[in-house]
Amino acid sequence: QKLLIMKKYIVHISDIHYQQNREENQNLVLDAFFVDLREQIKQYQTEDVFIVLSGDIVNAGESKEAFDSAYSYFSAKLDTVGIPVANRICVPGNHDVSRAAIKSNFINHKSLISSNLEEDDFNTLINDNDTTQIASKFENYFAFVSKFSSSGICEKMPWVSKIIISKDICIYAVNSAILSIAGLSDNGKPIDDTGKLCINTREFAKVVGEDDYECKILVMHHNKASLSAWGQQWYSQYIRNKFALSLTGHIHDQDIYFNQNHEESFIELNAPQ
């Protein structure tokens, strides 16, 4: 019932994997998408329409040129459709991080993933120490967001961000790619970070605080299964009980989970590629 009375409209897309110099293929699909989007939202006031890009905006996060090309294309299309910068919300995915930045600090980064930090240890590491090396892998993504969007995960709010879209609705953007190793290999063997990714839950708790918005919405790239054991517990016990909607990507397949009881309702949407 909460979602039925919403006066705001959210377009959710994910895993675009935009590549420079591949316009002849990818833009055919994207052009058709934006034609359809313009038709779908023409009945609404454009200030009431928001677009969420839940990660993997580009295919290779170390390529500034790919982000620049994505910005030129998507910004122009959204300007034409009528969705302003203030209504564009982004979070990074594993493809949006720079492999080159990870390689420059590979041993430490691999150690962070393999150490399976507990929640308190991870939060202390991220909140009480210099995170310049970790944040450096998002440099190109941050530059893209600084032009493309005024909401979501950005350089000033790299871990958690709050976006109030009405007096009743608030979106909480979360960086789930903090420990992502972006598919790199070690001695020829791919490093699997599935089930090892961590959320800055301490910062999340501070941002959410005592908020009592009727409709709270979570946006992050990775689904629950990608998170660490304690991250999955946080998602199951907190998000599913306190939030109305979760928007994720990563799995490249559309998936919908809906749970409703006499006290709460929760919808989880995974966007297809």
# chains A, B, ... in the order shown; residues from 1 in each chain; ligands from 1
>>> residues_around(residues="His109 (chain A)", least_positions_apart="4", cutoff="8 Å", atoms="only C-alpha atoms", output="list of chain:residue names")
A:Ile102, A:Asn105, A:Ile113, A:Ile134, A:Leu179, A:Ile181
>>> residues_around(residues="Phe148 (chain A)", least_positions_apart="5", cutoff="8 Å", atoms="only C-alpha atoms", output="list in words")
Tyr71, Ser75, Val85 and Arg88 of chain A
>>> write_last_selection(atoms="N, CA, C and O atoms", output="JSON list (two decimals), in the first residue's frame")
[["chain", "number", "residue", "atom", "x", "y", "z"],
["A", 71, "TYR", "N", 29.01, 9.74, -20.01],
["A", 71, "TYR", "CA", 28.41, 11.00, -19.58],
["A", 71, "TYR", "C", 27.81, 11.76, -20.76],
["A", 71, "TYR", "O", 26.66, 12.24, -20.69],
["A", 75, "SER", "N", 23.77, 11.88, -20.40],
["A", 75, "SER", "CA", 23.34, 13.20, -19.98],
["A", 75, "SER", "C", 22.50, 13.87, -21.06],
["A", 75, "SER", "O", 21.45, 14.46, -20.78],
["A", 85, "VAL", "N", 19.48, 16.80, -13.59],
["A", 85, "VAL", "CA", 20.63, 16.32, -12.84],
["A", 85, "VAL", "C", 20.25, 15.98, -11.40],
["A", 85, "VAL", "O", 20.69, 14.98, -10.84],
["A", 88, "ARG", "N", 18.91, 12.37, -10.76],
["A", 88, "ARG", "CA", 19.71, 11.22, -11.20],
["A", 88, "ARG", "C", 20.52, 10.70, -10.02],
["A", 88, "ARG", "O", 21.26, 11.45, -9.39]]
>>> select_by_dssp(residues="region 76-195 of chain A", states="helix (DSSP H, G or I)", output="MDAnalysis selection string")
chainID A and resid 76:81 85:87 94:96 99:103 106:114 119:128 132:148
>>> write_last_selection(atoms="N, CA and C atoms", output="compact mmCIF listing (two decimals), in the first residue's frame")
# COMPACT_ATOMS: atom_id res chain seq x y z
N ALA A 76 22.95 13.75 -22.31
CA ALA A 76 22.19 14.34 -23.42
C ALA A 76 20.82 13.68 -23.55
N LYS A 77 20.77 12.35 -23.42
CA LYS A 77 19.50 11.63 -23.54
C LYS A 77 18.54 12.01 -22.42
N LEU A 78 19.05 12.09 -21.19
CA LEU A 78 18.19 12.42 -20.06
C LEU A 78 17.74 13.87 -20.10
N ASP A 79 18.58 14.75 -20.63
CA ASP A 79 18.16 16.14 -20.84
C ASP A 79 16.99 16.18 -21.81
N THR A 80 17.07 15.39 -22.87
CA THR A 80 15.99 15.35 -23.86
C THR A 80 14.72 14.78 -23.27
N VAL A 81 14.86 13.72 -22.48
CA VAL A 81 13.69 13.10 -21.84
C VAL A 81 13.09 14.03 -20.79
N VAL A 85 19.48 16.80 -13.59
CA VAL A 85 20.63 16.32 -12.84
C VAL A 85 20.25 15.98 -11.40
N ALA A 86 19.41 16.81 -10.79
CA ALA A 86 19.02 16.61 -9.39
C ALA A 86 18.24 15.32 -9.18
N ASN A 87 17.70 14.75 -10.24
CA ASN A 87 16.87 13.55 -10.13
C ASN A 87 17.58 12.30 -10.64
N ASN A 94 31.06 -3.18 -9.43
CA ASN A 94 32.42 -3.72 -9.52
C ASN A 94 33.12 -3.33 -10.82
N HIS A 95 32.36 -3.11 -11.91
CA HIS A 95 32.99 -2.69 -13.17
C HIS A 95 33.36 -1.21 -13.16
N ASP A 96 32.81 -0.45 -12.23
CA ASP A 96 33.08 0.99 -12.17
C ASP A 96 34.35 1.31 -11.40
N ARG A 99 40.68 -1.13 -12.10
CA ARG A 99 41.58 -2.25 -11.87
C ARG A 99 43.02 -1.76 -11.70
N ALA A 100 43.35 -0.71 -12.44
CA ALA A 100 44.71 -0.17 -12.35
C ALA A 100 45.00 0.32 -10.93
N ALA A 101 44.03 0.97 -10.31
CA ALA A 101 44.21 1.45 -8.94
C ALA A 101 44.35 0.29 -7.97
N ILE A 102 43.59 -0.78 -8.20
CA ILE A 102 43.68 -1.95 -7.33
C ILE A 102 45.05 -2.61 -7.50
N LYS A 103 45.51 -2.74 -8.74
CA LYS A 103 46.81 -3.38 -9.00
C LYS A 103 47.95 -2.63 -8.32
N PHE A 106 47.77 -4.00 -4.82
CA PHE A 106 47.12 -5.30 -4.93
C PHE A 106 47.25 -6.16 -3.68
N ILE A 107 48.43 -6.22 -3.10
CA ILE A 107 48.65 -7.09 -1.94
C ILE A 107 47.74 -6.69 -0.79
N ASN A 108 47.69 -5.40 -0.49
CA ASN A 108 46.84 -4.93 0.61
C ASN A 108 45.37 -5.17 0.32
N HIS A 109 44.98 -4.94 -0.93
CA HIS A 109 43.57 -5.11 -1.29
C HIS A 109 43.17 -6.58 -1.20
N LYS A 110 44.01 -7.44 -1.71
CA LYS A 110 43.73 -8.89 -1.64
C LYS A 110 43.67 -9.34 -0.18
N SER A 111 44.53 -8.78 0.64
CA SER A 111 44.55 -9.13 2.06
C SER A 111 43.25 -8.73 2.75
N LEU A 112 42.71 -7.57 2.39
CA LEU A 112 41.46 -7.12 2.98
C LEU A 112 40.33 -8.09 2.68
N ILE A 113 40.29 -8.60 1.46
CA ILE A 113 39.23 -9.52 1.07
C ILE A 113 39.39 -10.87 1.77
N SER A 114 40.61 -11.37 1.81
CA SER A 114 40.85 -12.71 2.38
C SER A 114 40.78 -12.73 3.90
N GLU A 119 32.25 -7.20 11.32
CA GLU A 119 31.57 -5.93 11.10
C GLU A 119 32.26 -4.78 11.83
N ASP A 120 32.53 -4.93 13.11
CA ASP A 120 33.13 -3.85 13.88
C ASP A 120 34.53 -3.51 13.36
N ASP A 121 35.30 -4.53 13.01
CA ASP A 121 36.66 -4.30 12.50
C ASP A 121 36.63 -3.58 11.16
N PHE A 122 35.72 -3.98 10.28
CA PHE A 122 35.63 -3.32 8.98
C PHE A 122 35.20 -1.87 9.13
N ASN A 123 34.18 -1.63 9.95
CA ASN A 123 33.70 -0.26 10.14
C ASN A 123 34.77 0.64 10.74
N THR A 124 35.53 0.09 11.68
CA THR A 124 36.62 0.86 12.28
C THR A 124 37.69 1.18 11.24
N LEU A 125 38.01 0.18 10.41
CA LEU A 125 39.00 0.38 9.34
C LEU A 125 38.58 1.51 8.40
N ILE A 126 37.33 1.51 7.99
CA ILE A 126 36.86 2.48 7.02
C ILE A 126 36.63 3.86 7.63
N ASN A 127 36.16 3.90 8.85
CA ASN A 127 35.78 5.18 9.46
C ASN A 127 36.89 5.86 10.24
N ASP A 128 37.84 5.09 10.73
CA ASP A 128 38.85 5.67 11.62
C ASP A 128 40.26 5.66 11.05
N THR A 132 42.39 6.56 1.61
CA THR A 132 42.74 7.13 0.31
C THR A 132 42.98 6.05 -0.73
N GLN A 133 43.69 4.98 -0.35
CA GLN A 133 44.01 3.92 -1.31
C GLN A 133 42.75 3.18 -1.76
N ILE A 134 41.83 2.95 -0.84
CA ILE A 134 40.58 2.28 -1.20
C ILE A 134 39.73 3.19 -2.09
N ALA A 135 39.62 4.45 -1.71
CA ALA A 135 38.79 5.39 -2.46
C ALA A 135 39.36 5.69 -3.84
N SER A 136 40.68 5.51 -4.01
CA SER A 136 41.32 5.87 -5.28
C SER A 136 40.77 5.06 -6.45
N LYS A 137 40.27 3.86 -6.20
CA LYS A 137 39.76 3.03 -7.29
C LYS A 137 38.43 3.55 -7.82
N PHE A 138 37.82 4.50 -7.11
CA PHE A 138 36.57 5.12 -7.56
C PHE A 138 36.79 6.49 -8.20
N GLU A 139 38.03 6.86 -8.44
CA GLU A 139 38.35 8.21 -8.91
C GLU A 139 37.61 8.57 -10.20
N ASN A 140 37.63 7.70 -11.18
CA ASN A 140 36.96 7.98 -12.46
C ASN A 140 35.44 8.00 -12.30
N TYR A 141 34.93 7.09 -11.47
CA TYR A 141 33.48 7.10 -11.18
C TYR A 141 33.08 8.41 -10.52
N PHE A 142 33.86 8.85 -9.52
CA PHE A 142 33.55 10.11 -8.83
C PHE A 142 33.54 11.29 -9.80
N ALA A 143 34.49 11.31 -10.72
CA ALA A 143 34.54 12.40 -11.71
C ALA A 143 33.30 12.39 -12.60
N PHE A 144 32.85 11.21 -12.98
CA PHE A 144 31.63 11.07 -13.78
C PHE A 144 30.42 11.59 -13.01
N VAL A 145 30.27 11.16 -11.78
CA VAL A 145 29.10 11.54 -10.98
C VAL A 145 29.09 13.04 -10.70
N SER A 146 30.24 13.64 -10.55
CA SER A 146 30.30 15.08 -10.24
C SER A 146 29.65 15.92 -11.33
N LYS A 147 29.61 15.39 -12.56
CA LYS A 147 28.98 16.10 -13.68
C LYS A 147 27.57 15.60 -13.95
N PHE A 148 27.38 14.30 -13.79
CA PHE A 148 26.16 13.65 -14.24
C PHE A 148 25.01 13.76 -13.25
>>> atom_distance(atom1="CA of Pro272 (chain A)", atom2="CA of Met157 (chain A)")
26.6 Å
>>> residues_around(residues="Ile171 (chain A)", least_positions_apart="3", cutoff="7 Å", atoms="only C-alpha atoms", output="ChimeraX atom specification")
/A:162-164,216-218
>>> atom_distance(atom1="CA of Asn21 (chain A)", atom2="CA of Ile153 (chain A)")
26.8 Å
>>> residues_around(residues="Gln20 (chain A)", least_positions_apart="5", cutoff="7 Å", atoms="only C-alpha atoms", output="JSON, numbers by chain")
{"A": [65, 66, 69]}
>>> closest_residue(among="A:Val49, A:Ala225, A:Ile178, A:Val11", to="Phe33 (chain A)", atoms="only C-alpha atoms")
A:Val11
>>> select_by_dssp(residues="region 33-257 of chain A", states="strand (DSSP E)", output="JSON, numbers by chain")
{"A": [49, 50, 51, 52, 53, 54, 88, 89, 90, 91, 151, 152, 160, 161, 162, 163, 164, 169, 170, 171, 172, 173, 174, 185, 186, 189, 190, 215, 216, 217, 218, 219, 245, 246, 247, 248, 255, 256, 257]}
